[in-house]
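Presented below is the structure to which this report refers.
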Amino acid sequence: MKNDSQKILKDFKPSKEFFIGIDSDGCVFDSMEIKHKECFCPNFIKYFELQKISKYAREAWEFVNLYSKTRGCNRFLAVKHTLDLLKKREEVIARNAEIMSIPALDKWISEESKLGNPALEKYLSDKNIPELENVLNWSVAVNNSIAKMVYGIPPFPFVKNSLLTLSENADIMVVSQTPEEALVREWKENNIEEFARLIAGQELGTKKEHIALAAKGKYNDNKILMIGDAPGDLAAAKENGVLFYPIVPGNEEKSWQLFYNTAISKFFSKTYKGDFENNLIDEFNRCLPEKPTW
């Protein structure tokens with residue numbers, strides 16, 4: 001049942017006055033490029049038989065996951081978005097490439113909020129849907145590639161100092177759509193897992209659900225702050241009526257420096273909301289396009 005796996009979120013109890021939700025990939029770690037270019041995309045081309053149009057498949061995957069307003073979306077949503085983009089691209093049509101349609105994936109996405117391998121495995125346990133089993137096999141292959149490829153990546157400058165300062169007055173929770181196993185591994189590798197009271201990955205639902213279940217109503221709204229590098233992080237915060245601090249793609253170091261030097265004190269003094277936050281969000285909204293140039 002849905003609520004069972006999310007019990008840990010619902011049972012989360014404040015120990016400090018403030019709450020910080022923080023994304024991981026592309027926010028704490030400069031790991032988005034290596035994960036998508038070296039792990040996600042090669043497996044995407046292989047499992048969805050896109051060798052004939054690999055150049056365009058790569059461009060579409062990187063646009064969806066790195067260089068547009070869907071940056072940071074759940075991997076299964078990314079498959080849907082990327083295949084949809086490829087079906088419409090003129091160069092792909094001209095090459096008579098057959099792009100998979102996976103209505104079973106669309107159906108599962110519409111019914112399930114915890115879009116991770118465990119939920120998909122459970123869904124398929126009593127069904128025979130080869131095209132959806134292929135999606136699961138792809139996702140497992142991605143995890144295996146990441147485990148072998150992605151290591152030795154430290155947090156951005158000012159992250160550790162920020163976590164240390166935040167932990168004095170705030171409960172910190174990782175709010176991510178990355179699998180929990182990878183999150184725990186990467187935070188432990190860099191000796192920062194001690195700062196997080198809870199690490200929430202895709203298995204516990206959407207980022208919006210993470211914040212809603214763990215923090216909303218337990219802290220004042222102006223004492224809840226989500227830190228993220230993607231529009232989905234902003235949406236998760238604002239749909240819950242809480243504050244947001246953007247880590248701007250391409251300007252991550254400057255974003256973290258400003259956060260450490262200025263934003264933390266504004267948050268703790270309850271002067272963050274207003275012009276300061278609005279100006280940051282305006283800049284953030286300008287940095288990623290909605291539609292591709294092709």
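Here's how to read the names in the structure tokens: chain A, B, ... by the order shown, residue numbers from 1 in each chain, ligand numbers from 1 in the order shown.
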Listing only residues of stretch 37-64 of chain A within 8 Å of stretch 86-90 of chain A, what is the closest atom pair and its distance in Å (to one decimal) for each, using only C-alpha atoms, sorted by chain and residue number ascending, as a tab-separated table?
```
residue	atom	partner	partner_atom	distance
A:Tyr56	CA	A:Leu86	CA	7.5
A:Ala57	CA	A:Leu86	CA	7.0
A:Ala60	CA	A:Leu86	CA	6.9
```
What does the file look like for those residues with C-alpha atoms, as a JSON list (two decimals), in the first residue's frame?
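Just written: selection35.json:
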```json
[["chain", "number", "residue", "atom", "x", "y", "z"],
["A", 56, "TYR", "CA", 19.57, 12.54, -31.81],
["A", 57, "ALA", "CA", 18.73, 10.22, -28.94],
["A", 60, "ALA", "CA", 17.13, 14.59, -26.68]]
```
Could you list, with a cut-off of 10 Å and counting only C-alpha atoms, the residues of stretch 133-209 of chain A near stretch 236-240 of chain A, each shown with its nearest atom pair and the distance in Å rounded to one decimal, rows sorted by chain and ascending number, as a tab-separated table?
```
residue	atom	partner	partner_atom	distance
A:Val175	CA	A:Ala236	CA	9.8
A:Thr206	CA	A:Ala236	CA	8.3
A:Lys207	CA	A:Ala236	CA	5.8
A:Lys208	CA	A:Ala236	CA	4.3
A:Glu209	CA	A:Ala236	CA	8.0
```
Practice task
Among the residues of stretch 47-229 of chain A, find those DSSP assigns to strand (DSSP E or B) from the backbone and print them as a PyMOL selection string.
Solution key: chain A and resi 155+170-175+198-200+216+219+224-228
Practice task
With a distance cut-off of 9 Å and only C-alpha atoms, select the neighbouring residues of stretch 223-231 of chain A, excluding the residue or stretch itself and same-chain residues fewer than 3 positions from it, and output the selection as a ChimeraX atom specification.
Solution key: /A:17-28,66,68-73,170,175,211,215-216,219-220,234-237,242-249,252,267-268,270,284-285,288
Export, as a compact mmCIF listing (two decimals), in the first residue's frame, the selected residues with C-alpha atoms.
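Listed below is the output, again-v2.txt:
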```txt
# COMPACT_ATOMS: atom_id res chain seq x y z
CA GLU A 17 13.13 24.88 14.75
CA PHE A 18 13.88 24.86 11.01
CA PHE A 19 13.72 22.28 8.20
CA ILE A 20 15.98 21.98 5.16
CA GLY A 21 15.15 19.74 2.21
CA ILE A 22 18.08 19.32 -0.14
CA ASP A 23 18.43 17.65 -3.52
CA SER A 24 21.60 15.68 -4.22
CA ASP A 25 22.56 15.13 -7.88
CA GLY A 26 23.52 18.43 -9.50
CA CYS A 27 22.86 20.25 -6.24
CA VAL A 28 25.21 18.85 -3.60
CA LEU A 66 20.23 18.42 -18.14
CA SER A 68 15.77 22.23 -19.97
CA LYS A 69 13.01 22.84 -17.47
CA THR A 70 12.54 19.08 -17.05
CA ARG A 71 16.10 18.82 -15.66
CA GLY A 72 16.20 16.52 -12.68
CA CYS A 73 12.92 14.75 -13.43
CA ALA A 170 17.70 22.88 11.21
CA VAL A 175 14.87 15.13 -1.01
CA ILE A 211 8.19 17.71 1.91
CA ALA A 215 7.74 18.77 7.11
CA LYS A 216 4.47 20.45 6.15
CA TYR A 219 7.29 23.49 11.02
CA ASN A 220 6.11 26.99 10.12
CA LEU A 234 11.08 24.71 -7.14
CA ALA A 235 7.67 23.20 -7.88
CA ALA A 236 7.96 20.81 -4.92
CA ALA A 237 8.60 23.77 -2.62
CA VAL A 242 7.43 26.81 1.45
CA LEU A 243 10.69 28.58 0.60
CA PHE A 244 13.14 27.70 -2.18
CA TYR A 245 16.83 28.37 -2.76
CA PRO A 246 18.11 27.66 -6.29
CA ILE A 247 21.48 26.18 -7.15
CA VAL A 248 21.78 27.61 -10.65
CA PRO A 249 23.04 25.10 -13.26
CA GLU A 252 26.73 26.10 -8.77
CA PHE A 267 16.64 32.09 6.47
CA PHE A 268 17.37 31.76 10.19
CA LYS A 270 13.18 34.91 8.88
CA PHE A 284 16.83 30.57 -11.91
CA ASN A 285 13.77 30.53 -14.19
CA LEU A 288 16.78 26.76 -18.55
```
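The interatomic distance for the pair atom CA of A:Ile153 and atom CA of A:Glu38 works out to 14.4 Å.
The spacing separating atom CA of A:Thr262 from atom CA of A:Val159 amounts to 13.7 Å.
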Exercise for the section: Find the residues around A:Glu194 up to 10 Å (only C-alpha atoms counted), leave out those fewer than 5 positions away in its own chain, and share them as an MDAnalysis selection string. Expected result: chainID A and resid 163:164 167 172 187:188
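In terms of minimum interatomic distance to A:Thr293, A:Leu85 ranks closest within A:Leu85, A:Ala196, A:Leu136, A:Leu115, counting only C-alpha atoms.
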Problem - alpha helix (DSSP H) positions in stretch 11-256 of chain A, given as a ChimeraX atom specification - result: /A:32-35,41-47,54-65,75-88,90-94,103-111,117-124,130-149,159-166,180-189,207-214,231-238,252-256
Practice task
Write out as a list in words which residues come within 10 Å of A:Ser139 when counting only C-alpha atoms, dropping same-chain ones fewer than 6 positions away.
Solution key: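 The neighbour list is Phe40, Asn43, Phe44, Tyr47, Arg75, Phe76, Gly116, Asn117, Glu133 and Ser145 of chain A.
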Problem - Residue with smallest distance to A:Leu9 - pool A:Glu253, A:Glu203, A:Asp84, A:Asp233, counting only C-alpha atoms - result: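 Closest to A:Leu9 of all the choices is A:Glu203.
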Handout entry: Close residues, A:Lys80 itself excluded, 10 Å, only C-alpha atoms, min 2 positions apart in chain, as a VMD selection string
Key = chain A and resid 75 to 78 82 to 85 100 to 103 105 to 106 109
Selection from above, C-alpha atoms, as a short mmCIF file (atom, residue, chain, number, x, y, z; two decimals), in the first residue's frame, can you write it?
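Contents of part22.cif, freshly written:
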```
data_model
loop_
_atom_site.label_atom_id
_atom_site.label_comp_id
_atom_site.auth_asym_id
_atom_site.auth_seq_id
_atom_site.Cartn_x
_atom_site.Cartn_y
_atom_site.Cartn_z
CA ARG A 75 14.12 8.65 -14.77
CA PHE A 76 10.89 6.97 -15.89
CA LEU A 77 9.34 10.32 -16.75
CA ALA A 78 12.55 11.10 -18.63
CA THR A 82 12.61 11.74 -24.49
CA LEU A 83 10.77 9.20 -26.62
CA ASP A 84 7.99 11.74 -27.19
CA LEU A 85 10.55 14.33 -28.34
CA MET A 100 8.96 2.67 -29.14
CA SER A 101 5.53 3.49 -27.81
CA ILE A 102 5.10 2.20 -24.28
CA PRO A 103 1.47 2.76 -23.20
CA LEU A 105 4.71 2.90 -18.95
CA ASP A 106 2.31 5.82 -19.34
CA ILE A 109 3.36 6.56 -14.30
#
```
